[in-house]
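In what follows, a single structure is set out as structure tokens and then discussed.
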Amino acid sequence: MLEIVLALAPVFLLILIGYAFRQLRWVPDAFWPPAERMTYLVFFPSLLVLNTARADLSEIDLLPLALSLLAGLFIVAGGMLLLRPRLGATDPSFTSMFQGCMRPNTYVGIAAAVAVFSDTGLTLLAVCIVIWVPTVNVFSVIVLARFGAAGRRPGWGRTLMLVAQNPLIIGCVIGAALNAGQIDVPPVLDSLLEILGRAALPVGLMAVGAGLDLGAVLSSVRLVTITVAVKLVAMPILTFGACRIAGLDEITTGVAVMYATLPCSASSYVLARQLGGDAKLMAGIITATTLAAILAMPISMLALR
């Protein structure tokens with residue numbers, strides 16, 4: 001337990017440092033949006049391209065891993081839709097709960113995978129990103145189109161384009177293509193990507209902390225609590241069970257369960273605002289799942305031991 005806590009502690013301390021910087025105004029508020037954008041567009045994709053290009057992908061059981069991840073997603077999505085009339089939430093609020101139960105903060109996931117599982121963990125996490133991110137994007141947009149505020153619904157072409165343009169997915173795909181073609185990254189570009197990748201974790205995690213909003217948590221405690229329970233308890237348990245049934249090894253299971261235990265991503269807030277969700281509730285869910293993950297992630301890792 002102690003080694004897991006110590007490995008994850010710097011990840012969450014960086015998030016708390018980002019929150020403290022924002023509260024103390026040690027850097028201007030205008031710094032954080034471009035910092036997060038640079039992390040999203042440049043730093044994390046660089047890290048993923050280089051790691052995936054160098055990795056030994058031949059030893060990964062891709063189909064069992066994909067099925068294990070998707071099993072939890074489909075069960076949670078179906079369960080939320082079935083329980084919707086009993087949740088006591090408005091339609092826009094339900095869309096925010098739905099996103100909160102499914103969308104992972106990949107910034108936290110990458111940092112945690114490196115901390116706990118080293119390069120092997122980062123490679124497996126890249127596979128999780130390619131499987132999980134497009135799926136939850138499509139699910140979320142469908143639910144927002146059905147239950148969000150009218151007049152803000154994108155067409156299917158726009159939805160698929162948003163998924164295809166995700167820089168993290170593009171980074172994983174480029175790295176996998178180089179890997180499959182046994183193409184070495186040129187020396188200068190290799191060094192450049194490595195330097196850019198080093199900036200990903202500190203900048204990305206502090207940006208997560210800067211976006212936390214404790215006031216939003218208190219505005220809808222019941223709905224936030226339900227969402228946290230589904231995201232950080234039900235989803236990891238379902239994923240763990242699916243991994244066991246699929247016969248995945250300990251490290252692959254660990255990364256899959258860790259990915260399932262990630263807090264909700266900040267991009268959920270943007271989607272809620274754009275497509276008619278409950279943005280204030282979404283901010284509360286992002287904050288609550290991020291803080292609760294400080295305990296949930298070490299506990300989920302301990303349960304695998």
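Ordered as shown in the structure tokens, chains take letters A, B, and onward, while each chain numbers its residues from 1 and ligands are numbered from 1 in the order shown.
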Find the residues near stretch 160-174 of chain A: any atom within 8 Å, counting only C-alpha atoms, skip ones fewer than 2 places away on the same chain, and give them as a list of chain:residue names.
-> A:Tyr40, A:Leu41, A:Phe44, A:Pro45, A:Ser46, A:Leu48, A:Val49, A:Thr52, A:Ala53, A:Ala126, A:Val127, A:Ile129, A:Val130, A:Val133, A:Pro134, A:Asn137, A:Val138, A:Trp156, A:Gly157, A:Arg158, A:Ala176, A:Ala177, A:Leu178
Within 12 Å of stretch 103-113 of chain A: each stretch 207-291 of chain A residue with its shortest pair, only C-alpha atoms, as JSON lines:
```
{"residue": "A:Ala207", "atom": "CA", "partner": "A:Tyr107", "partner_atom": "CA", "distance": 9.6}
{"residue": "A:Val208", "atom": "CA", "partner": "A:Tyr107", "partner_atom": "CA", "distance": 8.1}
{"residue": "A:Gly209", "atom": "CA", "partner": "A:Val108", "partner_atom": "CA", "distance": 10.6}
{"residue": "A:Thr227", "atom": "CA", "partner": "A:Arg103", "partner_atom": "CA", "distance": 11.5}
{"residue": "A:Val228", "atom": "CA", "partner": "A:Arg103", "partner_atom": "CA", "distance": 11.9}
{"residue": "A:Val230", "atom": "CA", "partner": "A:Arg103", "partner_atom": "CA", "distance": 11.8}
{"residue": "A:Lys231", "atom": "CA", "partner": "A:Arg103", "partner_atom": "CA", "distance": 8.8}
{"residue": "A:Leu232", "atom": "CA", "partner": "A:Pro104", "partner_atom": "CA", "distance": 10.5}
{"residue": "A:Met235", "atom": "CA", "partner": "A:Pro104", "partner_atom": "CA", "distance": 11.1}
{"residue": "A:Pro236", "atom": "CA", "partner": "A:Pro104", "partner_atom": "CA", "distance": 11.9}
{"residue": "A:Ile251", "atom": "CA", "partner": "A:Ala113", "partner_atom": "CA", "distance": 10.4}
{"residue": "A:Thr252", "atom": "CA", "partner": "A:Ala113", "partner_atom": "CA", "distance": 10.9}
{"residue": "A:Gly254", "atom": "CA", "partner": "A:Ala113", "partner_atom": "CA", "distance": 9.3}
{"residue": "A:Val255", "atom": "CA", "partner": "A:Ala113", "partner_atom": "CA", "distance": 6.8}
{"residue": "A:Ala256", "atom": "CA", "partner": "A:Ala113", "partner_atom": "CA", "distance": 10.1}
{"residue": "A:Val257", "atom": "CA", "partner": "A:Gly109", "partner_atom": "CA", "distance": 10.8}
{"residue": "A:Met258", "atom": "CA", "partner": "A:Gly109", "partner_atom": "CA", "distance": 7.5}
{"residue": "A:Tyr259", "atom": "CA", "partner": "A:Gly109", "partner_atom": "CA", "distance": 6.1}
{"residue": "A:Ala260", "atom": "CA", "partner": "A:Pro104", "partner_atom": "CA", "distance": 7.3}
{"residue": "A:Thr261", "atom": "CA", "partner": "A:Pro104", "partner_atom": "CA", "distance": 8.0}
{"residue": "A:Leu262", "atom": "CA", "partner": "A:Pro104", "partner_atom": "CA", "distance": 5.3}
{"residue": "A:Pro263", "atom": "CA", "partner": "A:Asn105", "partner_atom": "CA", "distance": 5.6}
{"residue": "A:Cys264", "atom": "CA", "partner": "A:Pro104", "partner_atom": "CA", "distance": 4.8}
{"residue": "A:Ser265", "atom": "CA", "partner": "A:Asn105", "partner_atom": "CA", "distance": 3.9}
{"residue": "A:Ala266", "atom": "CA", "partner": "A:Asn105", "partner_atom": "CA", "distance": 7.0}
{"residue": "A:Ser267", "atom": "CA", "partner": "A:Asn105", "partner_atom": "CA", "distance": 8.4}
{"residue": "A:Ser268", "atom": "CA", "partner": "A:Arg103", "partner_atom": "CA", "distance": 7.2}
{"residue": "A:Tyr269", "atom": "CA", "partner": "A:Arg103", "partner_atom": "CA", "distance": 10.7}
{"residue": "A:Leu271", "atom": "CA", "partner": "A:Arg103", "partner_atom": "CA", "distance": 11.1}
{"residue": "A:Met282", "atom": "CA", "partner": "A:Arg103", "partner_atom": "CA", "distance": 11.4}
{"residue": "A:Ile285", "atom": "CA", "partner": "A:Arg103", "partner_atom": "CA", "distance": 11.0}
{"residue": "A:Ile286", "atom": "CA", "partner": "A:Asn105", "partner_atom": "CA", "distance": 9.1}
{"residue": "A:Thr287", "atom": "CA", "partner": "A:Asn105", "partner_atom": "CA", "distance": 11.4}
{"residue": "A:Thr289", "atom": "CA", "partner": "A:Asn105", "partner_atom": "CA", "distance": 9.9}
{"residue": "A:Thr290", "atom": "CA", "partner": "A:Asn105", "partner_atom": "CA", "distance": 8.7}
{"residue": "A:Leu291", "atom": "CA", "partner": "A:Val108", "partner_atom": "CA", "distance": 11.8}
```
Between A:Pro298, A:Gly72, A:Gly197, A:Pro10, which has the minimum distance to A:Gly241 (counting only C-alpha atoms)?
-> A:Gly72
Counting only C-alpha atoms, which residues of stretch 161-228 of chain A sit at most 10 Å from some atom of stretch 79-100 of chain A, and what is each one's closest atom pair with its distance in Å to one decimal, listed by chain and rising residue number, as a tab-separated table?
```
residue	atom	partner	partner_atom	distance
A:Ser220	CA	A:Ser93	CA	9.8
A:Arg222	CA	A:Leu87	CA	9.4
A:Leu223	CA	A:Met97	CA	7.3
A:Val224	CA	A:Met97	CA	7.5
A:Thr225	CA	A:Met97	CA	9.9
A:Ile226	CA	A:Met97	CA	8.3
A:Thr227	CA	A:Met97	CA	5.7
A:Val228	CA	A:Gly100	CA	7.7
```
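Here atom CA of A:Leu124 stands at a distance of 14.2 Å from atom CA of A:Leu67.
Residue nearest A:Ser118, chosen from A:Phe12, A:Phe240, A:Asn51, A:Gly204 and counting only C-alpha atoms: A:Asn51.
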Give the helix (DSSP H, G or I) residues of stretch 40-280 of chain A, as DSSP finds them on the backbone, and put them as a PyMOL selection string.
-> chain A and resi 40-54+57-59+62-86+91-102+106-147+156-164+167-180+187-210+214-219+221-246+250-260+267-275+279-280
Long-range neighbours of stretch 18-33 of chain A as a PyMOL selection string, 10 Å cut-off, only C-alpha atoms, 2 positions minimum in chain | chain A and resi 12-16+35-39+202-213
